[in-house]
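Working notes for the structure below.
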Amino acid sequence: MPGKDNRELSEGIKQKAGELGFNICGIARVRGLVENVVRLRDWIEAGMNDKMAYLARDLDKRIDPGRVFSGAKSLVVTGLSYYSDVLQRDPEAPLLSRYTYGADYHGVVTGKLNRLLEWIQIVRPGVSGRAFSDNSSILEKPWGREAGLGWQGRHSILINKKIGSMFFIGILILDTELEYDKPCTEDYCGTCRQCIEACPTGAINENRTIDARKCIANLTIENRGPIPAEFVPHLGKRIFGCDRCQEVCPWNHDPDVVSAPEFTISEEIAGMSVDEWKSLSRESFQRLFSTTAISRVKYEKLMNNIRDALNQGGSL
Ligand code: B12
Ligand code: SF4
Ligand code: SF4
């Protein structure tokens, strides 16, 4: 396929991605991200993946999407913002992390990517692709950097200069050549260390990785067991995920962004009081959260988190 067609298609993909609601989109050539191997292996050997065993498996696949999808040539990397000014109203209520507001992002992002793929297949028949968003162990943040979308801050999250860091990464792997963006090689953190200083549990390592054994996001979601007693006093009312390192980041203070309407918090959840959270029934849990990312944990885990975060002791 001549270069001009690749350029036109790449421009068309970015335009279509914008029409589908994605805030940012970049394109990278498939390769093995070998520069990540040492850091990744050290992280796993130190046990920093905690109980997320899948992160330690098939490292060759983790760094090379060519081993995940045969014939892979290009990666379209997208960002969909979940930044919102509308937050929970009761300042005493247990805190949800903002990425849980609204619909479960896995389906929203991959749904949009599949529509983008259908459009690509009309323009260039015969192309195959696969959509991912946090449903594989592909190194999504390094791919965001590779596609020119931004840099990984000291808190390890991908930051874009325009929209900050509160966005989901989506990846569409394609078996066709495209025109590629320049990787982001800059570091716009400068001398700032606010996220490291603000992290309630000291989970941020100096080499821009996170010790998941200490991270509240892991302790309240992925780690299905009880939260170790030493971390309970540091939860600060958080019951599902944690936004602290992103909230203090200057790049999130005034992002130039309109977040996806799918991620607006519902009136009912936004208005829940401490007592309503404490007495949340299994039925209400199902009704309120079955279509959100909170359905990732069982009712019992959420109730234990609520108990820990409110520091009540005993069981709910
Ligand atoms: C495991 C995981 C977690 C774990 C571990 C977090 C972590 N930072 O590793 C836990 C459960 C703690 C977690 C928490 C959160 N997560 Co999470 N998580 C993932 C997941 C599945 C894998 C990340 C991973 O591989 N970690 C292992 C480490 C070692 O890899 P890494 O962080 O990518 O860093 C590597 C390189 O970047 C490199 N590196 C860093 N800087 C530099 C510089 C140079 C020069 C080089 C060579 C390398 C390098 O070092 C590492 C080794 O290669 C990804 C989805 C995916 N498949 O990628 C989502 C993902 C990273 N999570 C996401 C989100 C939203 C969150 C939370 C904000 C949710 C919340 N509010 O609670 C928090 C943020 C906590 C934090 N500060 O990171 C988003 C981030 C979006 C973005 N804008 O970047 C992702 C991309 C999911 C998605 N599709 O949107 N998460
Ligand atoms: S999400 Fe919270 S606990 Fe995890 S690194 Fe960021 S501030 Fe620390
Ligand atoms: S808080 Fe500062 S150091 Fe941390 S990611 Fe943001 S700019 Fe970088």
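Residue numbers start at 1 in each chain; chains themselves are named A, B, ... in the order of the structure tokens; ligands are numbered from 1 in the order shown.
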Shell of 6 Å around range 166-181 of chain A, only C-alpha atoms, local chain residues under 3 positions omitted, as a list in words:
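Close residues of range 166-181 of chain A: Asn6, Arg7, Ser10, Ile27, Ala28, Gly71, Ala72, Lys73, Ser74, Leu75, Val76, Val77, Thr78, Gly79, Leu80, Ser81, Tyr82, Tyr83, Ser128, Gly129, Arg130, Ala131, Phe132, Ser133, Ala147 and Gly148 of chain A.
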Residues within 7 Å of Asp243 in chain A, only C-alpha atoms, excluding chain neighbours under 3 positions, as a PyMOL selection string:
chain A and resi 97+246-247
Would you return as a PDB file with all heavy atoms, in the first residue's frame the members of range 26-244 of chain A that DSSP assigns to strand (DSSP E) on this structure's backbone?
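result_11.pdb, written as the output of this step:
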```pdb
ATOM      1  N   GLY A  26      -3.341   8.206  18.878  1.00  0.00           N
ATOM      2  CA  GLY A  26      -2.039   8.175  18.222  1.00  0.00           C
ATOM      3  C   GLY A  26      -1.808   6.782  17.634  1.00  0.00           C
ATOM      4  O   GLY A  26      -2.532   5.834  17.969  1.00  0.00           O
ATOM      5  N   ILE A  27      -0.807   6.678  16.762  1.00  0.00           N
ATOM      6  CA  ILE A  27      -0.578   5.395  16.081  1.00  0.00           C
ATOM      7  C   ILE A  27       0.893   5.007  16.206  1.00  0.00           C
ATOM      8  O   ILE A  27       1.787   5.834  16.006  1.00  0.00           O
ATOM      9  CB  ILE A  27      -1.000   5.493  14.597  1.00  0.00           C
ATOM     10  CG1 ILE A  27      -2.487   5.911  14.505  1.00  0.00           C
ATOM     11  CG2 ILE A  27      -0.779   4.157  13.881  1.00  0.00           C
ATOM     12  CD1 ILE A  27      -3.020   6.107  13.105  1.00  0.00           C
ATOM     13  N   ALA A  28       1.144   3.741  16.553  1.00  0.00           N
ATOM     14  CA  ALA A  28       2.519   3.261  16.739  1.00  0.00           C
ATOM     15  C   ALA A  28       2.753   2.005  15.908  1.00  0.00           C
ATOM     16  O   ALA A  28       1.831   1.233  15.652  1.00  0.00           O
ATOM     17  CB  ALA A  28       2.771   2.950  18.217  1.00  0.00           C
ATOM     18  N   ARG A  29       4.007   1.825  15.492  1.00  0.00           N
ATOM     19  CA  ARG A  29       4.393   0.603  14.782  1.00  0.00           C
ATOM     20  C   ARG A  29       4.612  -0.505  15.807  1.00  0.00           C
ATOM     21  O   ARG A  29       5.208  -0.274  16.864  1.00  0.00           O
ATOM     22  CB  ARG A  29       5.696   0.850  14.021  1.00  0.00           C
ATOM     23  CG  ARG A  29       6.127  -0.323  13.145  1.00  0.00           C
ATOM     24  CD  ARG A  29       7.555  -0.133  12.669  1.00  0.00           C
ATOM     25  NE  ARG A  29       7.727   0.980  11.738  1.00  0.00           N
ATOM     26  CZ  ARG A  29       7.395   0.959  10.448  1.00  0.00           C
ATOM     27  NH1 ARG A  29       6.895  -0.133   9.923  1.00  0.00           N
ATOM     28  NH2 ARG A  29       7.585   2.010   9.685  1.00  0.00           N
ATOM     29  N   SER A  74       0.306  -2.561  13.336  1.00  0.00           N
ATOM     30  CA  SER A  74       0.111  -1.207  13.877  1.00  0.00           C
ATOM     31  C   SER A  74      -0.761  -1.246  15.128  1.00  0.00           C
ATOM     32  O   SER A  74      -1.600  -2.130  15.275  1.00  0.00           O
ATOM     33  CB  SER A  74      -0.611  -0.323  12.850  1.00  0.00           C
ATOM     34  OG  SER A  74       0.054  -0.337  11.613  1.00  0.00           O
ATOM     35  N   LEU A  75      -0.533  -0.252  15.992  1.00  0.00           N
ATOM     36  CA  LEU A  75      -1.387  -0.094  17.170  1.00  0.00           C
ATOM     37  C   LEU A  75      -2.009   1.291  17.149  1.00  0.00           C
ATOM     38  O   LEU A  75      -1.281   2.288  17.112  1.00  0.00           O
ATOM     39  CB  LEU A  75      -0.557  -0.192  18.450  1.00  0.00           C
ATOM     40  CG  LEU A  75      -0.555  -1.527  19.172  1.00  0.00           C
ATOM     41  CD1 LEU A  75       0.449  -2.439  18.511  1.00  0.00           C
ATOM     42  CD2 LEU A  75      -0.194  -1.341  20.614  1.00  0.00           C
ATOM     43  N   VAL A  76      -3.329   1.333  17.169  1.00  0.00           N
ATOM     44  CA  VAL A  76      -4.012   2.614  17.341  1.00  0.00           C
ATOM     45  C   VAL A  76      -4.266   2.739  18.844  1.00  0.00           C
ATOM     46  O   VAL A  76      -4.884   1.867  19.446  1.00  0.00           O
ATOM     47  CB  VAL A  76      -5.354   2.642  16.567  1.00  0.00           C
ATOM     48  CG1 VAL A  76      -6.102   3.947  16.823  1.00  0.00           C
ATOM     49  CG2 VAL A  76      -5.108   2.438  15.071  1.00  0.00           C
ATOM     50  N   VAL A  77      -3.716   3.790  19.446  1.00  0.00           N
ATOM     51  CA  VAL A  77      -3.843   3.951  20.898  1.00  0.00           C
ATOM     52  C   VAL A  77      -4.718   5.172  21.177  1.00  0.00           C
ATOM     53  O   VAL A  77      -4.457   6.267  20.655  1.00  0.00           O
ATOM     54  CB  VAL A  77      -2.458   4.121  21.572  1.00  0.00           C
ATOM     55  CG1 VAL A  77      -2.601   4.084  23.089  1.00  0.00           C
ATOM     56  CG2 VAL A  77      -1.489   3.039  21.099  1.00  0.00           C
ATOM     57  N   THR A  78      -5.759   4.960  21.982  1.00  0.00           N
ATOM     58  CA  THR A  78      -6.720   6.039  22.229  1.00  0.00           C
ATOM     59  C   THR A  78      -6.779   6.382  23.715  1.00  0.00           C
ATOM     60  O   THR A  78      -6.428   5.575  24.571  1.00  0.00           O
ATOM     61  CB  THR A  78      -8.138   5.610  21.791  1.00  0.00           C
ATOM     62  OG1 THR A  78      -8.472   4.406  22.485  1.00  0.00           O
ATOM     63  CG2 THR A  78      -8.231   5.394  20.301  1.00  0.00           C
ATOM     64  N   GLY A  79      -7.276   7.587  23.995  1.00  0.00           N
ATOM     65  CA  GLY A  79      -7.543   7.997  25.375  1.00  0.00           C
ATOM     66  C   GLY A  79      -8.960   8.521  25.475  1.00  0.00           C
ATOM     67  O   GLY A  79      -9.396   9.323  24.648  1.00  0.00           O
ATOM     68  N   LEU A  80      -9.703   8.028  26.466  1.00  0.00           N
ATOM     69  CA  LEU A  80     -11.082   8.460  26.685  1.00  0.00           C
ATOM     70  C   LEU A  80     -11.179   8.995  28.111  1.00  0.00           C
ATOM     71  O   LEU A  80     -10.988   8.248  29.078  1.00  0.00           O
ATOM     72  CB  LEU A  80     -12.040   7.275  26.474  1.00  0.00           C
ATOM     73  CG  LEU A  80     -13.526   7.561  26.574  1.00  0.00           C
ATOM     74  CD1 LEU A  80     -13.976   8.526  25.475  1.00  0.00           C
ATOM     75  CD2 LEU A  80     -14.333   6.257  26.437  1.00  0.00           C
ATOM     76  N   SER A  81     -11.465  10.288  28.226  1.00  0.00           N
ATOM     77  CA  SER A  81     -11.405  10.936  29.549  1.00  0.00           C
ATOM     78  C   SER A  81     -12.562  10.536  30.451  1.00  0.00           C
ATOM     79  O   SER A  81     -13.705  10.427  30.017  1.00  0.00           O
ATOM     80  CB  SER A  81     -11.419  12.453  29.367  1.00  0.00           C
ATOM     81  OG  SER A  81     -11.470  13.070  30.640  1.00  0.00           O
ATOM     82  N   LEU A  95     -15.555   6.902  49.835  1.00  0.00           N
ATOM     83  CA  LEU A  95     -15.157   7.494  48.547  1.00  0.00           C
ATOM     84  C   LEU A  95     -14.953   6.462  47.440  1.00  0.00           C
ATOM     85  O   LEU A  95     -14.226   5.483  47.619  1.00  0.00           O
ATOM     86  CB  LEU A  95     -13.817   8.200  48.724  1.00  0.00           C
ATOM     87  CG  LEU A  95     -13.788   9.698  48.976  1.00  0.00           C
ATOM     88  CD1 LEU A  95     -12.338  10.149  49.065  1.00  0.00           C
ATOM     89  CD2 LEU A  95     -14.497  10.446  47.843  1.00  0.00           C
ATOM     90  N   LEU A  96     -15.566   6.757  46.294  1.00  0.00           N
ATOM     91  CA  LEU A  96     -15.321   5.962  45.091  1.00  0.00           C
ATOM     92  C   LEU A  96     -14.284   6.688  44.263  1.00  0.00           C
ATOM     93  O   LEU A  96     -14.296   7.917  44.180  1.00  0.00           O
ATOM     94  CB  LEU A  96     -16.599   5.854  44.258  1.00  0.00           C
ATOM     95  CG  LEU A  96     -17.764   5.094  44.856  1.00  0.00           C
ATOM     96  CD1 LEU A  96     -18.969   5.232  43.941  1.00  0.00           C
ATOM     97  CD2 LEU A  96     -17.397   3.626  45.052  1.00  0.00           C
ATOM     98  N   GLY A 129      -8.397  -6.892  13.155  1.00  0.00           N
ATOM     99  CA  GLY A 129      -7.909  -6.182  14.336  1.00  0.00           C
ATOM    100  C   GLY A 129      -8.512  -6.724  15.608  1.00  0.00           C
ATOM    101  O   GLY A 129      -9.478  -7.499  15.570  1.00  0.00           O
ATOM    102  N   ARG A 130      -7.921  -6.319  16.741  1.00  0.00           N
ATOM    103  CA  ARG A 130      -8.465  -6.703  18.056  1.00  0.00           C
ATOM    104  C   ARG A 130      -8.368  -5.530  19.016  1.00  0.00           C
ATOM    105  O   ARG A 130      -7.356  -4.829  19.046  1.00  0.00           O
ATOM    106  CB  ARG A 130      -7.687  -7.887  18.634  1.00  0.00           C
ATOM    107  CG  ARG A 130      -8.470  -9.186  18.525  1.00  0.00           C
ATOM    108  CD  ARG A 130      -7.650 -10.329  19.008  1.00  0.00           C
ATOM    109  NE  ARG A 130      -7.792 -10.535  20.447  1.00  0.00           N
ATOM    110  CZ  ARG A 130      -7.141 -11.471  21.112  1.00  0.00           C
ATOM    111  NH1 ARG A 130      -6.301 -12.263  20.479  1.00  0.00           N
ATOM    112  NH2 ARG A 130      -7.330 -11.630  22.399  1.00  0.00           N
ATOM    113  N   ALA A 131      -9.446  -5.360  19.776  1.00  0.00           N
ATOM    114  CA  ALA A 131      -9.523  -4.202  20.684  1.00  0.00           C
ATOM    115  C   ALA A 131      -9.242  -4.616  22.125  1.00  0.00           C
ATOM    116  O   ALA A 131      -9.715  -5.658  22.578  1.00  0.00           O
ATOM    117  CB  ALA A 131     -10.912  -3.594  20.592  1.00  0.00           C
ATOM    118  N   PHE A 132      -8.476  -3.771  22.826  1.00  0.00           N
ATOM    119  CA  PHE A 132      -8.158  -4.038  24.232  1.00  0.00           C
ATOM    120  C   PHE A 132      -8.311  -2.764  25.060  1.00  0.00           C
ATOM    121  O   PHE A 132      -8.001  -1.666  24.597  1.00  0.00           O
ATOM    122  CB  PHE A 132      -6.699  -4.502  24.382  1.00  0.00           C
ATOM    123  CG  PHE A 132      -6.389  -5.787  23.665  1.00  0.00           C
ATOM    124  CD1 PHE A 132      -5.896  -5.768  22.370  1.00  0.00           C
ATOM    125  CD2 PHE A 132      -6.605  -7.010  24.288  1.00  0.00           C
ATOM    126  CE1 PHE A 132      -5.612  -6.954  21.704  1.00  0.00           C
ATOM    127  CE2 PHE A 132      -6.322  -8.195  23.639  1.00  0.00           C
ATOM    128  CZ  PHE A 132      -5.826  -8.169  22.337  1.00  0.00           C
ATOM    129  N   TRP A 151       3.541  11.111  28.475  1.00  0.00           N
ATOM    130  CA  TRP A 151       4.651  10.503  29.209  1.00  0.00           C
ATOM    131  C   TRP A 151       4.120   9.869  30.491  1.00  0.00           C
ATOM    132  O   TRP A 151       3.019  10.198  30.945  1.00  0.00           O
ATOM    133  CB  TRP A 151       5.707  11.559  29.537  1.00  0.00           C
ATOM    134  CG  TRP A 151       5.353  12.499  30.662  1.00  0.00           C
ATOM    135  CD1 TRP A 151       5.834  12.479  31.933  1.00  0.00           C
ATOM    136  CD2 TRP A 151       4.419  13.600  30.630  1.00  0.00           C
ATOM    137  NE1 TRP A 151       5.276  13.490  32.689  1.00  0.00           N
ATOM    138  CE2 TRP A 151       4.396  14.194  31.914  1.00  0.00           C
ATOM    139  CE3 TRP A 151       3.591  14.135  29.645  1.00  0.00           C
ATOM    140  CZ2 TRP A 151       3.595  15.283  32.239  1.00  0.00           C
ATOM    141  CZ3 TRP A 151       2.782  15.229  29.970  1.00  0.00           C
ATOM    142  CH2 TRP A 151       2.789  15.793  31.240  1.00  0.00           C
ATOM    143  N   GLN A 152       4.889   8.950  31.057  1.00  0.00           N
ATOM    144  CA  GLN A 152       4.484   8.359  32.328  1.00  0.00           C
ATOM    145  C   GLN A 152       5.027   9.221  33.463  1.00  0.00           C
ATOM    146  O   GLN A 152       6.243   9.401  33.586  1.00  0.00           O
ATOM    147  CB  GLN A 152       4.998   6.928  32.437  1.00  0.00           C
ATOM    148  CG  GLN A 152       4.171   5.985  31.558  1.00  0.00           C
ATOM    149  CD  GLN A 152       4.563   4.545  31.727  1.00  0.00           C
ATOM    150  OE1 GLN A 152       5.172   3.971  30.839  1.00  0.00           O
ATOM    151  NE2 GLN A 152       4.228   3.967  32.864  1.00  0.00           N
ATOM    152  N   LEU A 158      -0.028   7.449  32.564  1.00  0.00           N
ATOM    153  CA  LEU A 158       0.233   8.211  31.342  1.00  0.00           C
ATOM    154  C   LEU A 158      -0.473   9.567  31.418  1.00  0.00           C
ATOM    155  O   LEU A 158      -1.679   9.629  31.686  1.00  0.00           O
ATOM    156  CB  LEU A 158      -0.267   7.424  30.121  1.00  0.00           C
ATOM    157  CG  LEU A 158       0.122   7.987  28.760  1.00  0.00           C
ATOM    158  CD1 LEU A 158       1.620   7.805  28.493  1.00  0.00           C
ATOM    159  CD2 LEU A 158      -0.686   7.307  27.643  1.00  0.00           C
ATOM    160  N   ILE A 159       0.285  10.636  31.195  1.00  0.00           N
ATOM    161  CA  ILE A 159      -0.275  11.993  31.253  1.00  0.00           C
ATOM    162  C   ILE A 159      -0.209  12.607  29.856  1.00  0.00           C
ATOM    163  O   ILE A 159       0.805  12.496  29.172  1.00  0.00           O
ATOM    164  CB  ILE A 159       0.531  12.915  32.206  1.00  0.00           C
ATOM    165  CG1 ILE A 159       0.751  12.236  33.566  1.00  0.00           C
ATOM    166  CG2 ILE A 159      -0.175  14.259  32.380  1.00  0.00           C
ATOM    167  CD1 ILE A 159       1.621  13.054  34.530  1.00  0.00           C
ATOM    168  N   PHE A 167      -7.774   9.477  32.066  1.00  0.00           N
ATOM    169  CA  PHE A 167      -8.380   8.900  30.856  1.00  0.00           C
ATOM    170  C   PHE A 167      -8.030   7.416  30.781  1.00  0.00           C
ATOM    171  O   PHE A 167      -7.015   6.975  31.319  1.00  0.00           O
ATOM    172  CB  PHE A 167      -7.926   9.631  29.588  1.00  0.00           C
ATOM    173  CG  PHE A 167      -6.437   9.556  29.320  1.00  0.00           C
ATOM    174  CD1 PHE A 167      -5.878   8.510  28.584  1.00  0.00           C
ATOM    175  CD2 PHE A 167      -5.574  10.542  29.795  1.00  0.00           C
ATOM    176  CE1 PHE A 167      -4.513   8.453  28.337  1.00  0.00           C
ATOM    177  CE2 PHE A 167      -4.210  10.494  29.557  1.00  0.00           C
ATOM    178  CZ  PHE A 167      -3.675   9.438  28.821  1.00  0.00           C
ATOM    179  N   PHE A 168      -8.926   6.667  30.140  1.00  0.00           N
ATOM    180  CA  PHE A 168      -8.679   5.244  29.915  1.00  0.00           C
ATOM    181  C   PHE A 168      -7.914   5.078  28.615  1.00  0.00           C
ATOM    182  O   PHE A 168      -8.179   5.773  27.633  1.00  0.00           O
ATOM    183  CB  PHE A 168      -9.995   4.477  29.801  1.00  0.00           C
ATOM    184  CG  PHE A 168     -10.857   4.570  31.019  1.00  0.00           C
ATOM    185  CD1 PHE A 168     -12.089   5.217  30.982  1.00  0.00           C
ATOM    186  CD2 PHE A 168     -10.443   4.031  32.229  1.00  0.00           C
ATOM    187  CE1 PHE A 168     -12.880   5.326  32.109  1.00  0.00           C
ATOM    188  CE2 PHE A 168     -11.228   4.131  33.374  1.00  0.00           C
ATOM    189  CZ  PHE A 168     -12.448   4.785  33.306  1.00  0.00           C
ATOM    190  N   ILE A 169      -7.001   4.135  28.625  1.00  0.00           N
ATOM    191  CA  ILE A 169      -6.274   3.826  27.387  1.00  0.00           C
ATOM    192  C   ILE A 169      -6.999   2.684  26.674  1.00  0.00           C
ATOM    193  O   ILE A 169      -7.415   1.712  27.306  1.00  0.00           O
ATOM    194  CB  ILE A 169      -4.818   3.407  27.694  1.00  0.00           C
ATOM    195  CG1 ILE A 169      -4.089   4.536  28.432  1.00  0.00           C
ATOM    196  CG2 ILE A 169      -4.084   3.033  26.405  1.00  0.00           C
ATOM    197  CD1 ILE A 169      -2.661   4.193  28.851  1.00  0.00           C
ATOM    198  N   GLY A 170      -7.157   2.840  25.361  1.00  0.00           N
ATOM    199  CA  GLY A 170      -7.710   1.768  24.539  1.00  0.00           C
ATOM    200  C   GLY A 170      -6.717   1.451  23.434  1.00  0.00           C
ATOM    201  O   GLY A 170      -6.020   2.360  22.958  1.00  0.00           O
ATOM    202  N   ILE A 171      -6.625   0.182  23.069  1.00  0.00           N
ATOM    203  CA  ILE A 171      -5.655  -0.204  22.038  1.00  0.00           C
ATOM    204  C   ILE A 171      -6.329  -1.064  20.973  1.00  0.00           C
ATOM    205  O   ILE A 171      -7.011  -2.046  21.290  1.00  0.00           O
ATOM    206  CB  ILE A 171      -4.477  -0.985  22.676  1.00  0.00           C
ATOM    207  CG1 ILE A 171      -3.677  -0.018  23.551  1.00  0.00           C
ATOM    208  CG2 ILE A 171      -3.599  -1.644  21.604  1.00  0.00           C
ATOM    209  CD1 ILE A 171      -2.378  -0.531  24.071  1.00  0.00           C
ATOM    210  N   LEU A 172      -6.151  -0.658  19.726  1.00  0.00           N
ATOM    211  CA  LEU A 172      -6.656  -1.459  18.609  1.00  0.00           C
ATOM    212  C   LEU A 172      -5.445  -1.953  17.833  1.00  0.00           C
ATOM    213  O   LEU A 172      -4.696  -1.156  17.261  1.00  0.00           O
ATOM    214  CB  LEU A 172      -7.557  -0.576  17.722  1.00  0.00           C
ATOM    215  CG  LEU A 172      -8.221  -1.244  16.532  1.00  0.00           C
ATOM    216  CD1 LEU A 172      -9.135  -2.390  16.970  1.00  0.00           C
ATOM    217  CD2 LEU A 172      -9.057  -0.214  15.747  1.00  0.00           C
ATOM    218  N   ILE A 173      -5.237  -3.276  17.857  1.00  0.00           N
ATOM    219  CA  ILE A 173      -4.108  -3.842  17.104  1.00  0.00           C
ATOM    220  C   ILE A 173      -4.600  -4.184  15.704  1.00  0.00           C
ATOM    221  O   ILE A 173      -5.652  -4.824  15.551  1.00  0.00           O
ATOM    222  CB  ILE A 173      -3.572  -5.138  17.772  1.00  0.00           C
ATOM    223  CG1 ILE A 173      -3.291  -4.906  19.263  1.00  0.00           C
ATOM    224  CG2 ILE A 173      -2.322  -5.634  17.067  1.00  0.00           C
ATOM    225  CD1 ILE A 173      -2.663  -6.107  19.963  1.00  0.00           C
ATOM    226  N   LEU A 174      -3.848  -3.770  14.708  1.00  0.00           N
ATOM    227  CA  LEU A 174      -4.273  -3.989  13.314  1.00  0.00           C
ATOM    228  C   LEU A 174      -3.185  -4.723  12.533  1.00  0.00           C
ATOM    229  O   LEU A 174      -1.989  -4.552  12.804  1.00  0.00           O
ATOM    230  CB  LEU A 174      -4.536  -2.641  12.636  1.00  0.00           C
ATOM    231  CG  LEU A 174      -5.661  -1.778  13.206  1.00  0.00           C
ATOM    232  CD1 LEU A 174      -5.631  -0.389  12.590  1.00  0.00           C
ATOM    233  CD2 LEU A 174      -7.017  -2.441  12.973  1.00  0.00           C
ATOM    234  N   ARG A 238     -11.462   5.721  51.371  1.00  0.00           N
ATOM    235  CA  ARG A 238     -11.528   5.163  50.013  1.00  0.00           C
ATOM    236  C   ARG A 238     -11.995   3.709  50.076  1.00  0.00           C
ATOM    237  O   ARG A 238     -11.436   2.909  50.814  1.00  0.00           O
ATOM    238  CB  ARG A 238     -10.162   5.240  49.337  1.00  0.00           C
ATOM    239  CG  ARG A 238      -9.724   6.662  49.112  1.00  0.00           C
ATOM    240  CD  ARG A 238      -8.353   6.736  48.480  1.00  0.00           C
ATOM    241  NE  ARG A 238      -7.911   8.120  48.438  1.00  0.00           N
ATOM    242  CZ  ARG A 238      -7.312   8.738  49.443  1.00  0.00           C
ATOM    243  NH1 ARG A 238      -7.044   8.082  50.553  1.00  0.00           N
ATOM    244  NH2 ARG A 238      -6.966   9.991  49.332  1.00  0.00           N
ATOM    245  N   ILE A 239     -13.006   3.394  49.272  1.00  0.00           N
ATOM    246  CA  ILE A 239     -13.536   2.022  49.294  1.00  0.00           C
ATOM    247  C   ILE A 239     -13.375   1.314  47.952  1.00  0.00           C
ATOM    248  O   ILE A 239     -13.603   0.117  47.848  1.00  0.00           O
ATOM    249  CB  ILE A 239     -15.028   1.983  49.690  1.00  0.00           C
ATOM    250  CG1 ILE A 239     -15.875   2.882  48.775  1.00  0.00           C
ATOM    251  CG2 ILE A 239     -15.184   2.356  51.156  1.00  0.00           C
ATOM    252  CD1 ILE A 239     -17.365   2.624  48.878  1.00  0.00           C
ATOM    253  N   PHE A 240     -13.005   2.050  46.915  1.00  0.00           N
ATOM    254  CA  PHE A 240     -12.828   1.399  45.612  1.00  0.00           C
ATOM    255  C   PHE A 240     -11.900   2.267  44.776  1.00  0.00           C
ATOM    256  O   PHE A 240     -12.307   3.251  44.188  1.00  0.00           O
ATOM    257  CB  PHE A 240     -14.176   1.214  44.901  1.00  0.00           C
ATOM    258  CG  PHE A 240     -14.114   0.207  43.788  1.00  0.00           C
ATOM    259  CD1 PHE A 240     -14.535  -1.114  43.973  1.00  0.00           C
ATOM    260  CD2 PHE A 240     -13.608   0.564  42.537  1.00  0.00           C
ATOM    261  CE1 PHE A 240     -14.462  -2.047  42.938  1.00  0.00           C
ATOM    262  CE2 PHE A 240     -13.540  -0.362  41.507  1.00  0.00           C
ATOM    263  CZ  PHE A 240     -13.967  -1.664  41.707  1.00  0.00           C
TER     264      PHE A 240
END
```
Select the residues contacting ligand 2 at a distance of at most 6 Å, based on only C-alpha atoms and all ligand atoms, then format the selection as a list of chain:residue names.
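If we count only C-alpha atoms and all ligand atoms, the neighbours of ligand 2 turn out to be A:Cys199, A:Pro200, A:Thr201, A:Ala203, A:Ile204, A:Cys215, A:Ile216, A:Ala217, A:Cys242, A:Asp243, A:Arg244, A:Cys245.
Around ligand 3, the neighbouring residues within 6 Å, taking only C-alpha atoms and all ligand atoms, come to Gly153, Arg154, His155, Cys189, Cys192, Arg193, Gln194, Cys195, Val248, Cys249 and Pro250 of chain A.
Among A:Ile163, A:Ile44, A:Ile13, A:Leu20, the residue with the shortest atom-to-atom distance to Ser259 in chain A, counting only C-alpha atoms, is A:Ile163.
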Please determine, counting only C-alpha atoms and all ligand atoms, which residue among A:Thr185, A:Gln88, A:Asn305, A:Ser70 has the shortest atom-to-atom distance to ligand 1.
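Looking at the shortest contact to ligand 1, the residue is A:Thr185.
Excluding Pro233 in chain A itself and same-chain residues fewer than 4 positions from it, the residues having an atom within 9 Å of it are Ala229, Asp308, Ala309 and Asn311 of chain A, counting only C-alpha atoms.
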How would the residues just chosen look if you wrote them out with all heavy atoms as a PDB file, in the first residue's frame?
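So the final result, stored in part-v9.pdb, reads:
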```pdb
ATOM      1  N   ALA A 229      -3.915  -4.873  58.102  1.00  0.00           N
ATOM      2  CA  ALA A 229      -4.237  -3.897  59.152  1.00  0.00           C
ATOM      3  C   ALA A 229      -3.382  -2.632  59.072  1.00  0.00           C
ATOM      4  O   ALA A 229      -3.879  -1.530  59.333  1.00  0.00           O
ATOM      5  CB  ALA A 229      -4.070  -4.552  60.515  1.00  0.00           C
ATOM      6  N   ASP A 308     -13.849  -1.001  56.750  1.00  0.00           N
ATOM      7  CA  ASP A 308     -12.470  -0.577  57.021  1.00  0.00           C
ATOM      8  C   ASP A 308     -12.314   0.928  56.858  1.00  0.00           C
ATOM      9  O   ASP A 308     -11.684   1.594  57.682  1.00  0.00           O
ATOM     10  CB  ASP A 308     -11.495  -1.283  56.067  1.00  0.00           C
ATOM     11  CG  ASP A 308     -11.245  -2.722  56.488  1.00  0.00           C
ATOM     12  OD1 ASP A 308     -11.536  -3.060  57.661  1.00  0.00           O
ATOM     13  OD2 ASP A 308     -10.759  -3.505  55.649  1.00  0.00           O
ATOM     14  N   ALA A 309     -12.890   1.442  55.764  1.00  0.00           N
ATOM     15  CA  ALA A 309     -12.690   2.865  55.467  1.00  0.00           C
ATOM     16  C   ALA A 309     -13.362   3.739  56.524  1.00  0.00           C
ATOM     17  O   ALA A 309     -12.870   4.807  56.855  1.00  0.00           O
ATOM     18  CB  ALA A 309     -13.233   3.198  54.088  1.00  0.00           C
ATOM     19  N   ASN A 311     -13.682   2.758  59.445  1.00  0.00           N
ATOM     20  CA  ASN A 311     -12.992   2.388  60.687  1.00  0.00           C
ATOM     21  C   ASN A 311     -13.925   1.979  61.806  1.00  0.00           C
ATOM     22  O   ASN A 311     -13.730   2.367  62.955  1.00  0.00           O
ATOM     23  CB  ASN A 311     -12.156   3.580  61.180  1.00  0.00           C
ATOM     24  CG  ASN A 311     -10.700   3.194  61.157  1.00  0.00           C
ATOM     25  OD1 ASN A 311     -10.378   2.016  61.184  1.00  0.00           O
ATOM     26  ND2 ASN A 311      -9.832   4.190  61.128  1.00  0.00           N
TER      27      ASN A 311
END
```
My list of candidates is A:His106, A:Arg39, A:Lys161, A:Lys278. Which is closest to Thr292 in chain A when distances are computed with only C-alpha atoms?
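Nearest candidate to Thr292 in chain A out of A:His106, A:Arg39, A:Lys161, A:Lys278: A:His106.
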Name the residues in contact with range 118-126 of chain A at a cut-off of 9 Å, using only C-alpha atoms, excluding same-chain residues fewer than 4 positions from it; report them as an MDAnalysis selection string.
chainID A and resid 9 12:13 16 113:114
